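S.K.: One structure coming up, written as structure tokens, with questions to follow.
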Amino acid sequence: MSLSRTDVEKIAHLARLEINEQEAQTFADSLSQILSLIEQMNAVDTTGVTPMAHPREAALRLREDKVTEGDERSKFQQIAPAAEAGLYLVPKVIE
Amino acid sequence: MFHYKSLAELSSALHAKQVSSIELTEAFLGRIERFKQLNAFITVDRERALAQARVADKRISEGKAGPLTGIPVAHKDIFCTDGMLTTCASKILSNFVAPYDATIIARFKEAGAVILGKTNMDEFAMGSSNENSYFGPVKNPWDQAAVPGGSSGGSAAAVAGGLAPAATGTDTGGSIRQPAAFCGITGLKPSYGRVSRYGMVAFASSLDQGGTLVRCAEDAACILNVMAGFDRRDSTSVDLPVPDYTQTLGHDLKGLRVGLPKEFFGEGLNTEVGQAIEQAIAEYKKLGVEVIDVDMPNCNLAVPCYYVLAPAEASSNLARYDGVRYGYRASAYTDLLDMYKKTRSQGFGAEVKRRILIGTYALSAGYYDAYYLKALKLRRLIAEDFKRAFERCDVIAGPTAPTTAFRLGAKVDDPVAMYLNDIYTIPVNLAGLPGMSIPAGFDGTGHPIGLQLIGQYFKEPRLLNVAHRYQQVTDWHNKIPKGFE
């Protein structure tokens, strides 16, 4: 399967990446090469095989529902690109 | 001179007051400065390191020291370090001063080790040559026109060049073992779940595992003693007892069964690498091991399988970099969507973007079954290959990489050729098994060759034992690159 420049532009939008026309073409070429590598998987019949998402298949641990961490909001917001009065600032989203 | 001493030797020297941690730290800081052209480090904080060394010296004089107290260790710049830059070699984290310590960093601090600095790497650990770093490529101490391997290339070059006695690394598809092989040192990737991933910047969470790059198996055991253990903050951390890994290094290998997968010796393997591995196997026979052939019929599809799963997980993990809470934010944008897009496009390098795109595509509507689900099924078949092989043998051996270190720039324009570097290491991550690379010779151009050893789940003691016995009868691991004596 090979990808066109338009395909790449669509995927880039889903991934929230801005790419120009030239980059879209370069990525279309390299992604198509990678997809032909990936499609070698089709050589193996996997009918009836249980998918393996994880090397450790035990169920995730549960813990008691209690507070274990303190409030470190101001420490964490010190490294934010823009924060004010305990809030993260982003461009206006509601008119 | 202390820069090529083992950790046990450094520890004895510190305890016998032949050297102080301050002197040791100064010596390594001096070498980092002297061999700056390797570009092995992203951050070196001299004052912080010396302050930690001062505390370590006090602990030693008070008799409260452990085996790693006062020993300088370099950390891959993927481990969050409280109050220190943690960039993951990306522009998007180039201003990120971590507000907390990764569990691994906290464990080294508790042990009294000194943080020498943060090492260079491929951006977000995506790469096999360390050429994908925002901070520029790292050079291989054995040949400065060659790559050190990746993604833990800075850690590997630092240890090989005697800039640090030990370093941490991470391994998602070979990122500890392959650079260890390329730089002629010892690398250990523990079993998935053995070492906490808390505070380790995530790439592909079902594959990522922290480990170490050192000079010998004995040093790897000392480091694993500090790194291994349960952590409630990592939901996949395994609550199993941690043995003293140094205690079983010397066990006899008589009767041990070593499996050789014929799939690891086929087309694509460089002849000189193949010959060195055969010689290493011959050495093992002298140590009394029984060598058998094993079949791993699905392992040749590990690379295609990995290049669905790892990018799929990465596209999800890297969605967090949005320019809102931390890290880089583009300076000019029109609205929120534009801010996300500009921040991410300016912040990520080409290879990271490429993997985000593959992962997004593989997970998108209509393609999920053909790619992601298919890869998960193949992952099961690969894990079962190992399971079957381990019914007949205790350890699997083969080459770490198909070639030795290649020239800087040789593969940057051919991602598929670059990905095939990890053909022998990737299956191990897919299964979650422990693996090592140990030095096993040199090719005709003087580039090191690595022997890969693969163990059963949580059988790191056996793996380290098998590596150590080889290092007792060979001296490849003691070789030093010219100019770095």
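Following the order of the structure tokens, first chain is A, next is B, and so on, with residues numbered from 1 inside each chain and ligands from 1 in the order they appear.
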Taking only C-alpha atoms into account, report as a PyMOL selection string which residues of chain A lie within 7 Å of chain B.
M.R.: chain A and resi 11-12+15-18+27+31+34+37-38+40-41+46+49-55+60-61+76+79-81+88+90-91+93
S.K.: If you keep N, CA, C and O atoms, can you produce a file of those selected residues as a compact mmCIF listing (two decimals), in the first residue's frame?
M.R.:
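What ended up in selection.txt:
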```txt
# COMPACT_ATOMS: atom_id res chain seq x y z
N ILE A 11 -3.54 12.41 7.72
CA ILE A 11 -2.99 11.78 8.92
C ILE A 11 -2.32 12.85 9.80
O ILE A 11 -2.47 12.86 11.02
N ALA A 12 -1.60 13.76 9.14
CA ALA A 12 -0.91 14.81 9.89
C ALA A 12 -1.91 15.66 10.66
O ALA A 12 -1.67 16.04 11.81
N ALA A 15 -2.93 13.86 13.72
CA ALA A 15 -1.84 13.84 14.71
C ALA A 15 -1.48 15.26 15.16
O ALA A 15 -0.52 15.43 15.92
N ARG A 16 -2.22 16.25 14.72
CA ARG A 16 -1.97 17.65 15.08
C ARG A 16 -0.54 18.06 14.73
O ARG A 16 0.20 18.60 15.54
N LEU A 17 -0.15 17.73 13.49
CA LEU A 17 1.14 18.16 12.97
C LEU A 17 0.88 19.02 11.74
O LEU A 17 0.02 18.68 10.92
N GLU A 18 1.62 20.13 11.63
CA GLU A 18 1.49 20.96 10.44
C GLU A 18 2.65 20.62 9.51
O GLU A 18 3.80 20.66 9.95
N PHE A 27 7.32 12.61 3.33
CA PHE A 27 6.73 11.62 4.25
C PHE A 27 5.94 10.57 3.47
O PHE A 27 5.96 9.40 3.83
N LEU A 31 6.88 6.87 4.27
CA LEU A 31 5.83 6.08 4.91
C LEU A 31 5.40 4.92 4.01
O LEU A 31 5.12 3.83 4.49
N ILE A 34 7.87 2.21 4.49
CA ILE A 34 7.68 1.56 5.78
C ILE A 34 6.45 0.65 5.74
O ILE A 34 6.48 -0.46 6.27
N LEU A 37 7.31 -2.58 4.25
CA LEU A 37 7.99 -3.41 5.26
C LEU A 37 6.95 -4.05 6.18
O LEU A 37 6.97 -5.26 6.44
N ILE A 38 6.02 -3.22 6.66
CA ILE A 38 5.01 -3.68 7.62
C ILE A 38 4.13 -4.78 7.00
O ILE A 38 3.77 -5.76 7.66
N GLN A 40 4.84 -7.13 5.20
CA GLN A 40 5.43 -8.49 5.24
C GLN A 40 4.73 -9.35 6.28
O GLN A 40 4.80 -10.58 6.23
N MET A 41 4.07 -8.70 7.24
CA MET A 41 3.33 -9.45 8.27
C MET A 41 2.29 -10.36 7.65
O MET A 41 1.95 -11.39 8.22
N THR A 46 -2.53 -15.67 10.81
CA THR A 46 -2.71 -15.48 12.25
C THR A 46 -4.15 -15.78 12.68
O THR A 46 -4.58 -15.36 13.76
N VAL A 49 -5.28 -16.67 16.43
CA VAL A 49 -4.25 -16.30 17.41
C VAL A 49 -4.80 -15.20 18.32
O VAL A 49 -5.40 -14.23 17.85
N THR A 50 -4.61 -15.35 19.63
CA THR A 50 -5.06 -14.32 20.57
C THR A 50 -4.08 -13.16 20.55
O THR A 50 -2.87 -13.37 20.73
N PRO A 51 -4.56 -11.94 20.32
CA PRO A 51 -3.63 -10.79 20.30
C PRO A 51 -2.90 -10.64 21.64
O PRO A 51 -3.46 -10.94 22.68
N MET A 52 -1.65 -10.17 21.58
CA MET A 52 -0.86 -9.99 22.80
C MET A 52 -0.48 -8.50 22.90
O MET A 52 0.38 -8.02 22.17
N ALA A 53 -1.16 -7.79 23.80
CA ALA A 53 -0.95 -6.35 23.88
C ALA A 53 0.24 -6.02 24.76
O ALA A 53 0.77 -4.92 24.72
N HIS A 54 0.66 -6.99 25.54
CA HIS A 54 1.55 -6.67 26.64
C HIS A 54 2.32 -7.91 27.09
O HIS A 54 1.74 -8.98 27.13
N PRO A 55 3.60 -7.78 27.45
CA PRO A 55 4.33 -8.97 27.89
C PRO A 55 3.86 -9.52 29.24
O PRO A 55 4.04 -10.69 29.51
N LEU A 60 -4.19 -5.34 35.87
CA LEU A 60 -3.56 -4.22 36.56
C LEU A 60 -3.93 -4.24 38.04
O LEU A 60 -5.04 -4.63 38.41
N ARG A 61 -2.99 -3.82 38.85
CA ARG A 61 -3.21 -3.77 40.30
C ARG A 61 -4.26 -2.72 40.65
O ARG A 61 -4.32 -1.68 40.02
N PHE A 76 4.27 22.64 39.73
CA PHE A 76 4.15 22.15 38.36
C PHE A 76 3.84 23.28 37.38
O PHE A 76 4.25 23.24 36.22
N ILE A 79 6.60 25.65 35.45
CA ILE A 79 7.27 25.33 34.17
C ILE A 79 6.30 25.40 33.00
O ILE A 79 6.64 25.01 31.88
N ALA A 80 5.09 25.89 33.22
CA ALA A 80 4.11 25.99 32.12
C ALA A 80 4.46 27.18 31.23
O ALA A 80 4.92 28.21 31.72
N PRO A 81 4.23 27.06 29.92
CA PRO A 81 4.49 28.19 29.01
C PRO A 81 3.69 29.43 29.41
O PRO A 81 4.18 30.54 29.30
N TYR A 88 -3.96 27.16 33.50
CA TYR A 88 -3.12 27.14 32.30
C TYR A 88 -3.78 28.02 31.24
O TYR A 88 -4.98 27.92 31.03
N VAL A 90 -4.49 29.25 27.45
CA VAL A 90 -4.46 28.85 26.04
C VAL A 90 -5.24 29.89 25.24
O VAL A 90 -5.99 30.68 25.82
N PRO A 91 -5.09 29.90 23.91
CA PRO A 91 -5.88 30.85 23.12
C PRO A 91 -7.38 30.64 23.36
O PRO A 91 -7.81 29.53 23.64
N VAL A 93 -11.07 29.73 23.19
CA VAL A 93 -11.76 28.70 22.41
C VAL A 93 -13.25 28.95 22.28
O VAL A 93 -13.91 28.39 21.42
```
S.K.: Considering only C-alpha atoms, return as a list of chain:residue names whatever protein or nucleic-acid residues lie within 12 Å of Phe35 of chain B, sequence-local ones (same chain, fewer than 6 positions apart) excluded.
M.R.: B:Phe28, B:Leu29, B:Phe41, B:Val138, B:Lys139, B:Asn140, B:Pro141, B:Gln144, B:Ala157, B:Ala158, B:Ala160, B:Gly161, B:Gly162, B:Leu163, B:Ala164, B:Gly483, B:Phe484, B:Glu485
S.K.: Need to verify the contact set: segment 80-86 of chain B, 9 Å, only C-alpha atoms, exclusion of same-chain residues closer than 3 positions in sequence. Can you return it as a count of residues only?
M.R.: 23
S.K.: Apply DSSP to the structure's backbone, then extract all residues of chain A labelled helix (DSSP H, G or I) and return them as a VMD selection string.
M.R.: chain A and resid 5 to 14 21 to 43 73 to 77
S.K.: I need the residues from that last selection saved to file as a PDB file, in the first residue's frame (with C-alpha atoms), if you can.
M.R.:
```pdb
ATOM      1  CA  ARG A   5       0.456  13.378  -0.355  1.00  0.00           C
ATOM      2  CA  THR A   6      -3.231  13.962   0.455  1.00  0.00           C
ATOM      3  CA  ASP A   7      -3.318  10.836   2.680  1.00  0.00           C
ATOM      4  CA  VAL A   8      -0.326  12.154   4.595  1.00  0.00           C
ATOM      5  CA  GLU A   9      -1.934  15.569   5.017  1.00  0.00           C
ATOM      6  CA  LYS A  10      -5.029  13.913   6.517  1.00  0.00           C
ATOM      7  CA  ILE A  11      -2.987  11.782   8.924  1.00  0.00           C
ATOM      8  CA  ALA A  12      -0.907  14.811   9.890  1.00  0.00           C
ATOM      9  CA  HIS A  13      -4.068  16.707  10.785  1.00  0.00           C
ATOM     10  CA  LEU A  14      -5.249  13.796  12.982  1.00  0.00           C
ATOM     11  CA  GLU A  21       3.656  20.343   0.644  1.00  0.00           C
ATOM     12  CA  GLN A  22       7.265  19.348   0.280  1.00  0.00           C
ATOM     13  CA  GLU A  23       7.331  17.578   3.656  1.00  0.00           C
ATOM     14  CA  ALA A  24       4.062  15.832   2.782  1.00  0.00           C
ATOM     15  CA  GLN A  25       5.709  14.397  -0.333  1.00  0.00           C
ATOM     16  CA  THR A  26       8.839  13.299   1.553  1.00  0.00           C
ATOM     17  CA  PHE A  27       6.731  11.625   4.251  1.00  0.00           C
ATOM     18  CA  ALA A  28       4.492  10.005   1.621  1.00  0.00           C
ATOM     19  CA  ASP A  29       7.584   8.359   0.123  1.00  0.00           C
ATOM     20  CA  SER A  30       9.143   7.174   3.365  1.00  0.00           C
ATOM     21  CA  LEU A  31       5.830   6.075   4.911  1.00  0.00           C
ATOM     22  CA  SER A  32       5.036   4.052   1.791  1.00  0.00           C
ATOM     23  CA  GLN A  33       8.392   2.281   2.127  1.00  0.00           C
ATOM     24  CA  ILE A  34       7.682   1.561   5.783  1.00  0.00           C
ATOM     25  CA  LEU A  35       4.208   0.265   4.956  1.00  0.00           C
ATOM     26  CA  SER A  36       5.650  -2.214   2.488  1.00  0.00           C
ATOM     27  CA  LEU A  37       7.987  -3.412   5.258  1.00  0.00           C
ATOM     28  CA  ILE A  38       5.005  -3.684   7.615  1.00  0.00           C
ATOM     29  CA  GLU A  39       2.951  -5.615   5.082  1.00  0.00           C
ATOM     30  CA  GLN A  40       5.435  -8.486   5.241  1.00  0.00           C
ATOM     31  CA  MET A  41       3.333  -9.451   8.271  1.00  0.00           C
ATOM     32  CA  ASN A  42       0.712 -10.740   5.849  1.00  0.00           C
ATOM     33  CA  ALA A  43       2.965 -13.690   5.023  1.00  0.00           C
ATOM     34  CA  ARG A  73       0.050  22.614  41.491  1.00  0.00           C
ATOM     35  CA  SER A  74       2.121  25.744  41.930  1.00  0.00           C
ATOM     36  CA  LYS A  75       5.374  23.805  41.539  1.00  0.00           C
ATOM     37  CA  PHE A  76       4.152  22.148  38.359  1.00  0.00           C
ATOM     38  CA  GLN A  77       2.752  25.379  36.923  1.00  0.00           C
TER      39      GLN A  77
END
```
S.K.: Calculated over only C-alpha atoms, which of the candidates B:Val289, B:Ala228, B:Ala111, B:Met296 has the smallest distance to Phe265 of chain B?
M.R.: B:Met296
S.K.: Just the number, please: distance in Å from atom CA of Val214 of chain B to atom CA of Thr186 of chain B, one decimal.
M.R.: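 If I compute the distance from atom CA of Val214 of chain B to atom CA of Thr186 of chain B, I get 5.2 Å.
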S.K.: Extract, using only C-alpha atoms, all DNA, RNA and protein residues at most 12 Å from Leu240 of chain B, discarding same-chain residues fewer than 5 positions from it, and format them as a PyMOL selection string.
M.R.: chain B and resi 191+193-195+228-231+457-459
